[in-house]
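Asker: Sharing structure_17.txt, compact mmCIF, C-alpha atoms:
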# COMPACT_ATOMS: atom_id res chain seq x y z
CA MET A 1 65.64 53.54 -15.78
CA LYS A 2 62.05 53.79 -17.01
CA LYS A 3 61.53 52.95 -20.69
CA ILE A 4 58.98 55.08 -22.50
CA ALA A 5 57.60 54.53 -26.01
CA VAL A 6 56.86 57.72 -27.98
CA ILE A 7 54.53 57.41 -30.97
CA LEU A 8 54.89 59.98 -33.78
CA ALA A 9 52.92 60.63 -36.95
CA GLY A 10 55.41 62.61 -39.08
CA ALA A 11 57.05 66.05 -38.71
CA GLY A 12 54.88 69.14 -39.05
CA TYR A 13 51.56 69.94 -37.40
CA LEU A 14 49.41 70.01 -40.54
CA ASP A 15 50.29 66.54 -41.85
CA GLY A 16 52.39 64.96 -39.10
CA ALA A 17 53.42 65.29 -35.47
CA GLU A 18 53.38 68.78 -33.96
CA ILE A 19 57.10 69.54 -33.71
CA THR A 20 57.26 71.69 -30.55
CA GLU A 21 55.01 69.20 -28.73
CA THR A 22 57.27 66.35 -29.78
CA THR A 23 60.57 67.98 -28.81
CA SER A 24 59.00 69.19 -25.54
CA THR A 25 58.08 65.57 -24.81
CA LEU A 26 61.58 64.28 -25.62
CA ILE A 27 63.31 67.09 -23.67
CA HIS A 28 61.22 66.39 -20.57
CA LEU A 29 61.65 62.61 -20.84
CA SER A 30 65.40 63.16 -21.08
CA LYS A 31 65.35 65.61 -18.15
CA GLU A 32 63.40 63.13 -15.99
CA GLY A 33 66.08 60.51 -16.67
CA ALA A 34 63.82 58.23 -18.71
CA ASP A 35 65.01 56.16 -21.64
CA TYR A 36 62.81 56.53 -24.69
CA GLN A 37 62.29 54.96 -28.10
CA VAL A 38 60.38 56.67 -30.88
CA PHE A 39 57.95 54.72 -33.08
CA ALA A 40 55.96 55.72 -36.17
CA PRO A 41 53.75 53.91 -38.66
CA ASN A 42 55.32 52.82 -41.95
CA VAL A 43 52.61 54.50 -44.06
CA ASP A 44 52.49 57.48 -46.41
CA LEU A 45 51.17 60.90 -45.44
CA LYS A 46 49.60 63.51 -47.73
CA VAL A 47 51.96 66.50 -47.72
CA VAL A 48 50.54 69.86 -46.63
CA ASP A 49 52.59 72.97 -47.44
CA HIS A 50 52.99 74.65 -44.04
CA MET A 51 53.15 78.13 -45.61
CA THR A 52 49.89 77.87 -47.56
CA GLY A 53 48.08 75.24 -45.47
CA LYS A 54 47.17 73.38 -48.67
CA GLU A 55 47.82 69.80 -49.79
CA THR A 56 50.51 69.64 -52.48
CA GLY A 57 49.55 66.26 -53.97
CA GLU A 58 52.85 64.71 -52.82
CA THR A 59 53.23 61.88 -50.33
CA ARG A 60 56.02 61.20 -47.81
CA ASN A 61 56.76 58.25 -45.56
CA VAL A 62 55.66 58.87 -41.96
CA LEU A 63 58.47 56.75 -40.46
CA SER A 64 61.17 58.62 -42.39
CA GLU A 65 59.68 62.06 -41.66
CA SER A 66 59.36 61.27 -37.94
CA ALA A 67 63.11 60.46 -37.93
CA ARG A 68 63.75 64.17 -38.68
CA ILE A 69 62.65 65.10 -35.17
CA SER A 70 64.36 62.23 -33.32
CA ARG A 71 67.63 62.37 -35.27
CA GLY A 72 67.19 58.94 -36.84
CA ASN A 73 66.02 57.24 -33.62
CA VAL A 74 62.76 55.70 -34.88
CA GLN A 75 61.31 52.23 -35.30
CA ASP A 76 58.31 50.90 -37.19
CA LEU A 77 55.19 51.02 -34.99
CA ASN A 78 54.66 47.35 -35.88
CA GLU A 79 57.79 46.56 -33.83
CA LEU A 80 56.40 48.14 -30.65
CA ASN A 81 55.96 45.50 -27.94
CA PRO A 82 54.32 47.05 -24.86
CA ASN A 83 55.84 44.31 -22.68
CA ASN A 84 59.22 46.03 -23.18
CA PHE A 85 58.07 49.51 -22.07
CA ASP A 86 56.81 51.12 -18.87
CA ALA A 87 54.61 53.79 -20.50
CA VAL A 88 53.62 55.30 -23.84
CA VAL A 89 53.11 58.92 -24.89
CA MET A 90 51.64 60.44 -28.04
CA PRO A 91 52.38 64.06 -29.02
CA GLY A 92 49.72 65.75 -31.16
CA GLY A 93 49.46 67.32 -34.61
CA TYR A 94 46.93 66.63 -37.37
CA GLY A 95 49.08 63.65 -38.38
CA VAL A 96 47.78 61.73 -35.35
CA ALA A 97 44.22 62.14 -36.61
CA LYS A 98 45.19 61.58 -40.28
CA ASN A 99 48.02 59.00 -40.32
CA LEU A 100 47.22 56.95 -37.19
CA SER A 101 43.45 57.26 -37.44
CA THR A 102 40.77 58.64 -39.75
CA PHE A 103 39.46 60.91 -36.97
CA ALA A 104 40.40 64.08 -38.90
CA TYR A 105 38.13 63.04 -41.78
CA GLU A 106 35.38 61.06 -40.08
CA GLY A 107 35.26 62.24 -36.46
CA PRO A 108 34.23 59.76 -33.75
CA SER A 109 32.97 57.25 -36.33
CA GLY A 110 36.46 57.08 -37.91
CA LYS A 111 38.86 54.15 -37.63
CA ILE A 112 42.05 53.90 -35.59
CA ASN A 113 45.22 52.18 -36.93
CA PRO A 114 44.76 48.53 -35.79
CA LYS A 115 48.31 48.23 -34.42
CA LEU A 116 47.91 51.47 -32.44
CA ASN A 117 44.60 50.17 -31.09
CA GLU A 118 46.28 46.92 -30.00
CA VAL A 119 49.23 48.77 -28.44
CA LEU A 120 47.06 51.21 -26.44
CA ASN A 121 44.86 48.38 -25.18
CA SER A 122 47.92 46.40 -24.16
CA PHE A 123 49.44 49.30 -22.17
CA PHE A 124 46.05 49.81 -20.52
CA GLU A 125 45.59 46.13 -19.64
CA GLN A 126 49.10 46.00 -18.15
CA SER A 127 48.22 49.06 -16.05
CA LYS A 128 51.03 51.07 -17.69
CA PRO A 129 50.39 54.82 -18.11
CA ILE A 130 49.37 56.45 -21.37
CA GLY A 131 50.13 60.12 -22.12
CA ALA A 132 48.04 61.91 -24.76
CA ILE A 133 48.87 65.42 -25.98
CA CYS A 134 46.78 67.88 -28.03
CA ILE A 135 44.47 65.93 -30.42
CA SER A 136 45.78 62.51 -29.27
CA PRO A 137 43.11 62.11 -26.54
CA ALA A 138 40.54 61.83 -29.34
CA VAL A 139 42.46 58.92 -30.87
CA VAL A 140 43.04 57.35 -27.44
CA SER A 141 39.26 57.49 -27.02
CA GLN A 142 38.86 55.52 -30.24
CA ALA A 143 40.88 52.72 -28.57
CA LEU A 144 39.81 53.04 -24.93
CA GLY A 145 36.55 55.03 -24.85
CA ASP A 146 34.75 51.99 -23.43
CA LYS A 147 36.87 52.31 -20.26
CA ASN A 148 35.33 55.77 -19.71
CA PRO A 149 38.65 57.67 -19.44
CA VAL A 150 38.71 61.24 -18.18
CA LEU A 151 40.49 63.34 -20.81
CA THR A 152 41.10 66.92 -21.87
CA ILE A 153 41.24 68.53 -25.26
CA GLY A 154 41.40 72.04 -23.77
CA ASN A 155 38.13 73.85 -24.49
CA ASP A 156 37.37 72.75 -28.06
CA THR A 157 33.65 71.92 -27.95
CA ASP A 158 33.44 69.76 -31.08
CA THR A 159 36.36 67.52 -30.15
CA ALA A 160 35.18 67.34 -26.52
CA GLN A 161 31.79 66.13 -27.77
CA ALA A 162 33.49 63.54 -30.00
CA ILE A 163 35.42 62.24 -26.97
CA GLU A 164 32.22 61.96 -24.95
CA LYS A 165 30.48 60.17 -27.83
CA LEU A 166 33.31 57.61 -27.75
CA GLY A 167 32.69 56.98 -24.03
CA GLY A 168 35.18 59.38 -22.44
CA THR A 169 34.50 62.17 -19.98
CA HIS A 170 35.91 65.53 -21.02
CA GLU A 171 37.36 68.05 -18.59
CA GLU A 172 38.43 71.56 -19.58
CA CYS A 173 42.07 72.36 -18.91
CA VAL A 174 44.41 75.29 -19.56
CA VAL A 175 47.46 74.88 -21.79
CA THR A 176 49.97 75.00 -18.91
CA ASP A 177 48.30 72.18 -17.00
CA TYR A 178 47.19 68.58 -17.58
CA ILE A 179 44.47 66.17 -16.51
CA SER A 180 45.38 62.99 -14.67
CA ASP A 181 42.92 60.08 -14.76
CA ARG A 182 44.74 58.09 -12.06
CA GLU A 183 42.30 55.18 -12.08
CA ASN A 184 42.90 54.49 -15.76
CA LYS A 185 46.47 55.89 -15.74
CA ILE A 186 45.69 58.15 -18.69
CA LEU A 187 47.21 61.65 -18.70
CA SER A 188 46.34 64.41 -21.16
CA THR A 189 47.28 68.03 -21.86
CA PRO A 190 45.81 70.37 -24.51
CA ALA A 191 49.02 71.98 -25.89
CA TYR A 192 48.34 73.46 -29.37
CA MET A 193 44.60 72.75 -29.15
CA TYR A 194 44.96 76.36 -27.98
CA ASP A 195 46.57 79.20 -29.94
CA ALA A 196 49.34 79.02 -27.34
CA LYS A 197 52.91 80.19 -26.95
CA PRO A 198 55.74 77.65 -27.22
CA HIS A 199 56.78 77.98 -23.56
CA GLU A 200 53.20 77.39 -22.40
CA VAL A 201 52.99 74.19 -24.45
CA PHE A 202 56.38 73.17 -23.03
CA GLU A 203 55.15 73.77 -19.47
CA GLY A 204 51.94 71.72 -19.79
CA ILE A 205 53.77 68.83 -21.43
CA GLY A 206 56.47 69.01 -18.75
CA LYS A 207 53.91 68.46 -15.99
CA LEU A 208 52.33 65.54 -17.87
CA VAL A 209 55.69 63.88 -18.56
CA LYS A 210 56.79 64.25 -14.93
CA GLU A 211 53.78 62.33 -13.64
CA LEU A 212 53.94 59.84 -16.54
CA VAL A 213 57.52 58.89 -15.63
CA GLU A 214 56.73 58.73 -11.89
CA MET A 215 53.69 56.54 -12.58
CA ALA A 216 55.52 54.26 -15.05
CA MET B 1 59.14 93.95 -26.15
CA LYS B 2 62.40 92.91 -27.80
CA LYS B 3 62.10 91.76 -31.40
CA ILE B 4 64.33 88.85 -32.38
CA ALA B 5 64.92 87.48 -35.88
CA VAL B 6 65.40 83.69 -36.09
CA ILE B 7 67.05 82.31 -39.23
CA LEU B 8 66.26 78.70 -40.21
CA ALA B 9 67.57 76.43 -42.95
CA GLY B 10 64.82 73.79 -43.21
CA ALA B 11 63.49 71.11 -40.83
CA GLY B 12 65.71 68.15 -40.00
CA TYR B 13 69.35 68.10 -38.91
CA LEU B 14 70.78 66.31 -41.96
CA ASP B 15 69.47 68.71 -44.62
CA GLY B 16 67.91 71.59 -42.69
CA ALA B 17 67.65 73.20 -39.26
CA GLU B 18 68.20 70.95 -36.24
CA ILE B 19 64.68 70.61 -34.86
CA THR B 20 65.29 70.37 -31.09
CA GLU B 21 67.72 73.31 -31.29
CA THR B 22 65.12 75.35 -33.15
CA THR B 23 62.20 74.64 -30.83
CA SER B 24 64.48 75.15 -27.80
CA THR B 25 65.32 78.59 -29.21
CA LEU B 26 61.66 79.48 -29.80
CA ILE B 27 60.54 78.15 -26.39
CA HIS B 28 63.19 80.21 -24.59
CA LEU B 29 62.50 83.36 -26.63
CA SER B 30 58.82 82.98 -25.79
CA LYS B 31 59.61 82.33 -22.09
CA GLU B 32 61.83 85.46 -21.95
CA GLY B 33 58.94 87.52 -23.27
CA ALA B 34 60.56 88.33 -26.61
CA ASP B 35 58.69 88.72 -29.87
CA TYR B 36 60.22 86.70 -32.69
CA GLN B 37 59.93 86.32 -36.44
CA VAL B 38 61.31 83.33 -38.31
CA PHE B 39 63.10 83.77 -41.65
CA ALA B 40 64.48 81.24 -44.15
CA PRO B 41 66.01 81.41 -47.60
CA ASN B 42 63.73 80.77 -50.59
CA VAL B 43 66.03 78.10 -52.06
CA ASP B 44 65.84 74.34 -52.57
CA LEU B 45 67.52 71.80 -50.31
CA LYS B 46 68.73 68.32 -51.23
CA VAL B 47 66.60 65.89 -49.22
CA VAL B 48 68.40 63.46 -46.90
CA ASP B 49 66.42 60.48 -45.59
CA HIS B 50 66.82 60.78 -41.80
CA MET B 51 66.54 57.00 -41.33
CA THR B 52 69.31 56.05 -43.77
CA GLY B 53 71.36 59.28 -43.72
CA LYS B 54 71.49 59.21 -47.53
CA GLU B 55 70.41 61.77 -50.14
CA THR B 56 67.21 60.70 -51.93
CA GLY B 57 67.66 62.81 -55.07
CA GLU B 58 64.57 64.90 -54.21
CA THR B 59 64.55 68.62 -53.46
CA ARG B 60 62.33 70.62 -51.10
CA ASN B 61 61.90 74.35 -50.55
CA VAL B 62 63.75 75.57 -47.44
CA LEU B 63 61.20 78.31 -46.68
CA SER B 64 58.28 75.89 -46.79
CA GLU B 65 60.06 73.20 -44.76
CA SER B 66 61.10 75.74 -42.11
CA ALA B 67 57.42 76.65 -41.73
CA ARG B 68 56.82 73.13 -40.35
CA ILE B 69 58.69 74.02 -37.16
CA SER B 70 57.26 77.52 -36.71
CA ARG B 71 53.65 76.61 -37.58
CA GLY B 72 53.57 78.76 -40.70
CA ASN B 73 55.29 81.78 -39.14
CA VAL B 74 58.10 82.28 -41.66
CA GLN B 75 59.22 84.99 -44.07
CA ASP B 76 61.69 85.00 -46.95
CA LEU B 77 65.19 85.83 -45.69
CA ASN B 78 65.32 88.51 -48.39
CA GLU B 79 62.63 90.40 -46.42
CA LEU B 80 64.74 90.58 -43.26
CA ASN B 81 65.59 94.19 -42.41
CA PRO B 82 67.93 94.31 -39.39
CA ASN B 83 66.72 97.86 -38.63
CA ASN B 84 63.44 96.32 -37.47
CA PHE B 85 64.99 93.83 -35.04
CA ASP B 86 66.99 93.97 -31.79
CA ALA B 87 68.93 90.74 -32.27
CA VAL B 88 69.28 87.69 -34.51
CA VAL B 89 69.76 84.01 -33.68
CA MET B 90 70.64 81.02 -35.85
CA PRO B 91 69.93 77.44 -34.69
CA GLY B 92 72.19 74.78 -36.20
CA GLY B 93 71.82 71.66 -38.32
CA TYR B 94 73.68 70.71 -41.51
CA GLY B 95 71.21 72.89 -43.43
CA VAL B 96 72.98 76.00 -42.13
CA ALA B 97 76.22 74.82 -43.74
CA LYS B 98 74.48 73.49 -46.87
CA ASN B 99 71.57 75.86 -47.62
CA LEU B 100 72.87 79.17 -46.20
CA SER B 101 76.52 78.56 -47.05
CA THR B 102 78.73 76.06 -48.84
CA PHE B 103 80.72 75.44 -45.64
CA ALA B 104 79.59 71.78 -45.47
CA TYR B 105 81.14 71.11 -48.87
CA GLU B 106 84.08 73.53 -49.02
CA GLY B 107 85.01 74.33 -45.42
CA PRO B 108 86.42 77.77 -44.60
CA SER B 109 86.98 78.55 -48.30
CA GLY B 110 83.24 78.09 -49.00
CA LYS B 111 80.77 80.89 -49.73
CA ILE B 112 78.06 82.31 -47.49
CA ASN B 113 74.61 83.28 -48.81
CA PRO B 114 75.06 86.99 -49.78
CA LYS B 115 71.88 88.14 -48.06
CA LEU B 116 72.86 86.32 -44.84
CA ASN B 117 76.29 87.93 -45.06
CA GLU B 118 74.69 91.37 -45.43
CA VAL B 119 72.25 90.73 -42.58
CA LEU B 120 74.91 89.51 -40.12
CA ASN B 121 77.16 92.47 -40.95
CA SER B 122 74.27 94.86 -40.46
CA PHE B 123 73.37 93.44 -37.01
CA PHE B 124 77.06 93.65 -36.09
CA GLU B 125 77.48 97.25 -37.31
CA GLN B 126 74.37 98.30 -35.39
CA SER B 127 75.84 96.68 -32.26
CA LYS B 128 72.89 94.29 -32.04
CA PRO B 129 73.63 90.82 -30.63
CA ILE B 130 74.03 87.68 -32.76
CA GLY B 131 73.35 84.21 -31.37
CA ALA B 132 74.92 81.21 -33.12
CA ILE B 133 74.06 77.62 -32.19
CA CYS B 134 75.83 74.35 -33.09
CA ILE B 135 77.48 74.68 -36.56
CA SER B 136 76.24 78.28 -37.05
CA PRO B 137 79.39 79.86 -35.52
CA ALA B 138 81.31 78.55 -38.56
CA VAL B 139 78.94 80.39 -40.90
CA VAL B 140 79.00 83.51 -38.70
CA SER B 141 82.80 83.38 -39.06
CA GLN B 142 82.40 83.45 -42.84
CA ALA B 143 80.60 86.79 -42.43
CA LEU B 144 82.41 88.29 -39.44
CA GLY B 145 85.72 86.43 -39.06
CA ASP B 146 87.62 89.67 -39.78
CA LYS B 147 86.23 91.11 -36.51
CA ASN B 148 88.05 88.30 -34.64
CA PRO B 149 84.97 87.03 -32.76
CA VAL B 150 85.36 84.58 -29.88
CA LEU B 151 83.20 81.54 -30.66
CA THR B 152 82.59 77.96 -29.61
CA ILE B 153 81.82 74.86 -31.61
CA GLY B 154 82.21 72.61 -28.55
CA ASN B 155 85.35 70.51 -28.90
CA ASP B 156 85.30 69.60 -32.62
CA THR B 157 88.91 70.16 -33.73
CA ASP B 158 88.34 70.43 -37.49
CA THR B 159 85.56 72.99 -37.22
CA ALA B 160 87.43 74.92 -34.52
CA GLN B 161 90.42 75.14 -36.90
CA ALA B 162 88.15 76.35 -39.71
CA ILE B 163 86.81 79.08 -37.43
CA GLU B 164 90.35 80.18 -36.54
CA LYS B 165 91.34 80.15 -40.22
CA LEU B 166 88.44 82.56 -40.86
CA GLY B 167 89.78 84.94 -38.18
CA GLY B 168 87.83 83.85 -35.13
CA THR B 169 89.16 82.63 -31.80
CA HIS B 170 87.77 79.29 -30.68
CA GLU B 171 87.00 78.42 -27.07
CA GLU B 172 85.93 74.97 -25.91
CA CYS B 173 82.55 74.83 -24.19
CA VAL B 174 80.32 72.11 -22.75
CA VAL B 175 76.85 71.49 -24.18
CA THR B 176 75.01 72.98 -21.19
CA ASP B 177 76.88 76.29 -21.37
CA TYR B 178 77.65 79.04 -23.91
CA ILE B 179 80.38 81.51 -24.81
CA SER B 180 79.68 85.24 -24.68
CA ASP B 181 81.91 87.56 -26.72
CA ARG B 182 80.59 90.73 -25.09
CA GLU B 183 82.78 93.09 -27.10
CA ASN B 184 81.40 91.84 -30.40
CA LYS B 185 78.01 90.85 -28.92
CA ILE B 186 78.27 87.37 -30.42
CA LEU B 187 76.99 84.44 -28.35
CA SER B 188 77.47 80.77 -29.20
CA THR B 189 76.63 77.35 -27.75
CA PRO B 190 77.65 73.92 -29.10
CA ALA B 191 74.32 72.01 -28.77
CA TYR B 192 74.35 68.95 -31.08
CA MET B 193 78.00 69.46 -32.02
CA TYR B 194 78.09 66.95 -29.16
CA ASP B 195 76.27 63.61 -29.03
CA ALA B 196 74.11 65.23 -26.36
CA LYS B 197 70.77 64.62 -24.70
CA PRO B 198 67.81 66.84 -25.61
CA HIS B 199 67.57 68.46 -22.17
CA GLU B 200 71.27 69.36 -22.24
CA VAL B 201 70.87 71.08 -25.62
CA PHE B 202 67.79 72.85 -24.23
CA GLU B 203 69.77 74.07 -21.21
CA GLY B 204 72.71 75.49 -23.18
CA ILE B 205 70.43 77.25 -25.62
CA GLY B 206 68.35 78.60 -22.73
CA LYS B 207 71.39 80.33 -21.24
CA LEU B 208 72.39 81.80 -24.61
CA VAL B 209 68.86 83.07 -25.32
CA LYS B 210 68.55 84.65 -21.87
CA GLU B 211 71.66 86.80 -22.39
CA LEU B 212 70.77 87.47 -26.03
CA VAL B 213 67.41 88.95 -25.01
CA GLU B 214 68.94 90.94 -22.12
CA MET B 215 71.65 92.31 -24.43
CA ALA B 216 69.20 93.13 -27.26
Would you mind writing the structure in this file as structure tokens?
Answerer:
Amino acid sequence: MKKIAVILAGAGYLDGAEITETTSTLIHLSKEGADYQVFAPNVDLKVVDHMTGKETGETRNVLSESARISRGNVQDLNELNPNNFDAVVMPGGYGVAKNLSTFAYEGPSGKINPKLNEVLNSFFEQSKPIGAICISPAVVSQALGDKNPVLTIGNDTDTAQAIEKLGGTHEECVVTDYISDRENKILSTPAYMYDAKPHEVFEGIGKLVKELVEMA
Amino acid sequence: MKKIAVILAGAGYLDGAEITETTSTLIHLSKEGADYQVFAPNVDLKVVDHMTGKETGETRNVLSESARISRGNVQDLNELNPNNFDAVVMPGGYGVAKNLSTFAYEGPSGKINPKLNEVLNSFFEQSKPIGAICISPAVVSQALGDKNPVLTIGNDTDTAQAIEKLGGTHEECVVTDYISDRENKILSTPAYMYDAKPHEVFEGIGKLVKELVEMA
């Protein structure tokens, strides 16, 4: 049974992991017969009210909030040892660019969480596949842009330019499909980078997860 | 296009709506070509830390937390007019039995939210289908037990007995299937009443949603 690490950044697309993208990932991993373990950073997030879209001034713990999606199955990102897994996948949501990176605030000159950087480089060096959903390809580029990965962010020009600035090559892709960089074993799908419907996001992620598990 | 009301009770299975059940519902509604609107009660929930399973002493607003799953698409349950919808569906999670009812604390002698009671009775009287996932059949029984609905809660003896005490008839059902009471137009599936895998929950809910939309 393939073992897949899933990295989350909270629960809610404005300050954490995008929830439909995350459950779509877990449903497809489960359907493909893979074993998975969820990880999240033990840091605080700035709460955004998902009705108003505004910060409330509160903070919440990213590890604890991520556990809401995975029903308690979550470990500290610092415990993630890539030697024990066959692949890694990162759902999207602003939390990826806020809580695992400063990309949301500083663009391509922002910093990536050092542990995440180490983990992504380790999976890459061991030739184990990396799946990146929605905004995650931008953060993957912060870690692995120097390997010139081919990635998609859908058709968002600004983020595509940021990826290219970090060394990646951007390819446009529709929400129901994904891009496979087989040389680097990096897979990406745009998901809610588009104003998409839930079943379209589910379909694109399903295709990515299927190849990720086969490749792992 | 069929219009379906979805009633949520937060975001997280220990104090709100079960997240995989909710996104599975929305993905299948979207796949079946239905239009949906999410509703939640404008009340506070008692926060449970999903890593420890313990109450933290904090409160959060159920409406605002529900918006995390539906990307901001949520309205106050008080605004729900059954005349404007063809069907209603309730995903599960402890929040249903805590924030929309006192069933979690008081069992079959507990109280249901008066607006939810009114809404469920109105859908029933208009012969519009009602979908109930996981623990929701217990709360539906609080509203409609006197109609003797046939419902499933999986194979949980205590909750099945509570449903029967409220006037319903319980039928066992596996996680990947659902029970259809075609006379009363009430559909139910056990989902995470079992220690199930995400893709199994997704499958059972998919079958329920398919008939719900056809029947609507």
Asker: Quick one: residues within 8 Å of segment 98-114 of chain B, all atoms listed in the file counted, chain neighbours fewer than 3 positions away excluded, as a PDB file with C-alpha atoms, keeping the file's coordinate frame?
Answerer:
ATOM      1  CA  ALA B   9      67.570  76.430 -42.950  1.00  0.00           C
ATOM      2  CA  ASP B  15      69.470  68.710 -44.620  1.00  0.00           C
ATOM      3  CA  GLY B  16      67.910  71.590 -42.690  1.00  0.00           C
ATOM      4  CA  PRO B  41      66.010  81.410 -47.600  1.00  0.00           C
ATOM      5  CA  VAL B  43      66.030  78.100 -52.060  1.00  0.00           C
ATOM      6  CA  ASP B  44      65.840  74.340 -52.570  1.00  0.00           C
ATOM      7  CA  LEU B  45      67.520  71.800 -50.310  1.00  0.00           C
ATOM      8  CA  VAL B  62      63.750  75.570 -47.440  1.00  0.00           C
ATOM      9  CA  TYR B  94      73.680  70.710 -41.510  1.00  0.00           C
ATOM     10  CA  GLY B  95      71.210  72.890 -43.430  1.00  0.00           C
ATOM     11  CA  ASN B 117      76.290  87.930 -45.060  1.00  0.00           C
ATOM     12  CA  GLU B 118      74.690  91.370 -45.430  1.00  0.00           C
ATOM     13  CA  ALA B 138      81.310  78.550 -38.560  1.00  0.00           C
ATOM     14  CA  VAL B 139      78.940  80.390 -40.900  1.00  0.00           C
ATOM     15  CA  GLN B 142      82.400  83.450 -42.840  1.00  0.00           C
ATOM     16  CA  ALA B 143      80.600  86.790 -42.430  1.00  0.00           C
ATOM     17  CA  ALA B 162      88.150  76.350 -39.710  1.00  0.00           C
ATOM     18  CA  ILE B 163      86.810  79.080 -37.430  1.00  0.00           C
ATOM     19  CA  LYS B 165      91.340  80.150 -40.220  1.00  0.00           C
ATOM     20  CA  LEU B 166      88.440  82.560 -40.860  1.00  0.00           C
TER      21      LEU B 166
END
Asker: Between A:Val174, A:Ala196, A:Leu151, A:Ile186, which is the closest to chain B once you count only C-alpha atoms?
Answerer: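 Going through A:Val174, A:Ala196, A:Leu151, A:Ile186 one by one, the smallest distance to chain B is for A:Ala196.
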Asker: Which polymer residues, whether protein, DNA or RNA, lie within 12 Å of the coordinate (54.6, 44.5, -30.6) when you count only C-alpha atoms? List them as a PyMOL selection string, using the chain letters and numbers from the file.
Answerer: chain A and resi 5+39+75-85+114-123
Asker: At a cut-off of 8 Å, which residues of chain B touch chain A? Count all atoms listed in the file and give the answer as a PyMOL selection string.
Answerer: chain B and resi 11-13+19-20+23+26-28+30-31+49-52+64-65+67-69+71-74+197-199+202
Asker: Write the residues you've just listed into a file as a PDB file, in the frame of the given file, and include C-alpha atoms for each of them.
Answerer:
ATOM      1  CA  ALA B  11      63.490  71.110 -40.830  1.00  0.00           C
ATOM      2  CA  GLY B  12      65.710  68.150 -40.000  1.00  0.00           C
ATOM      3  CA  TYR B  13      69.350  68.100 -38.910  1.00  0.00           C
ATOM      4  CA  ILE B  19      64.680  70.610 -34.860  1.00  0.00           C
ATOM      5  CA  THR B  20      65.290  70.370 -31.090  1.00  0.00           C
ATOM      6  CA  THR B  23      62.200  74.640 -30.830  1.00  0.00           C
ATOM      7  CA  LEU B  26      61.660  79.480 -29.800  1.00  0.00           C
ATOM      8  CA  ILE B  27      60.540  78.150 -26.390  1.00  0.00           C
ATOM      9  CA  HIS B  28      63.190  80.210 -24.590  1.00  0.00           C
ATOM     10  CA  SER B  30      58.820  82.980 -25.790  1.00  0.00           C
ATOM     11  CA  LYS B  31      59.610  82.330 -22.090  1.00  0.00           C
ATOM     12  CA  ASP B  49      66.420  60.480 -45.590  1.00  0.00           C
ATOM     13  CA  HIS B  50      66.820  60.780 -41.800  1.00  0.00           C
ATOM     14  CA  MET B  51      66.540  57.000 -41.330  1.00  0.00           C
ATOM     15  CA  THR B  52      69.310  56.050 -43.770  1.00  0.00           C
ATOM     16  CA  SER B  64      58.280  75.890 -46.790  1.00  0.00           C
ATOM     17  CA  GLU B  65      60.060  73.200 -44.760  1.00  0.00           C
ATOM     18  CA  ALA B  67      57.420  76.650 -41.730  1.00  0.00           C
ATOM     19  CA  ARG B  68      56.820  73.130 -40.350  1.00  0.00           C
ATOM     20  CA  ILE B  69      58.690  74.020 -37.160  1.00  0.00           C
ATOM     21  CA  ARG B  71      53.650  76.610 -37.580  1.00  0.00           C
ATOM     22  CA  GLY B  72      53.570  78.760 -40.700  1.00  0.00           C
ATOM     23  CA  ASN B  73      55.290  81.780 -39.140  1.00  0.00           C
ATOM     24  CA  VAL B  74      58.100  82.280 -41.660  1.00  0.00           C
ATOM     25  CA  LYS B 197      70.770  64.620 -24.700  1.00  0.00           C
ATOM     26  CA  PRO B 198      67.810  66.840 -25.610  1.00  0.00           C
ATOM     27  CA  HIS B 199      67.570  68.460 -22.170  1.00  0.00           C
ATOM     28  CA  PHE B 202      67.790  72.850 -24.230  1.00  0.00           C
TER      29      PHE B 202
END
Asker: May I ask for the distance between atom CA of Val96 of chain A and atom CA of Ala160 of chain A, given in Å to one decimal place?
Answerer: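 Computed distance, atom CA of Val96 of chain A to atom CA of Ala160 of chain A, equals 16.4 Å.
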Asker: Excluding Pro129 of chain B and residues on its chain fewer than 4 positions from it, collect all residues at most 9 Å away from it, counting all atoms listed in the file, and give them as a list of chain:residue names.
Answerer: B:Asp86, B:Ala87, B:Val88, B:Val89, B:Phe123, B:Phe124, B:Arg182, B:Asn184, B:Lys185, B:Ile186, B:Leu187, B:Leu212, B:Val213, B:Met215, B:Ala216
Asker: As an exercise, work out the distance from atom CA of Leu208 of chain B to atom CA of Glu172 of chain B in Å and give it to one decimal place.
Answerer: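 For atom CA of Leu208 of chain B relative to atom CA of Glu172 of chain B, the distance reads 15.2 Å.
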Asker: Nearest to Tyr36 of chain A among A:Val209, A:Ile135, A:Val140, A:Ile153, with distances taken over all atoms listed in the file: which residue is it?
Answerer: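 Once distances to Tyr36 of chain A are computed over all atoms listed in the file, the minimum belongs to A:Val209.
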Asker: To one decimal in Å, tell me the separation between atom CA of Glu125 of chain B and atom CA of Pro190 of chain B.
Answerer: 24.7 Å
Asker: Given the choices A:Thr169, A:Gln161, A:Ala132, A:Met90, which gets closest to Asp146 of chain A if the distance is worked out from only C-alpha atoms?
Answerer: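 Of A:Thr169, A:Gln161, A:Ala132, A:Met90, the one nearest Asp146 of chain A is A:Thr169, counting only C-alpha atoms.
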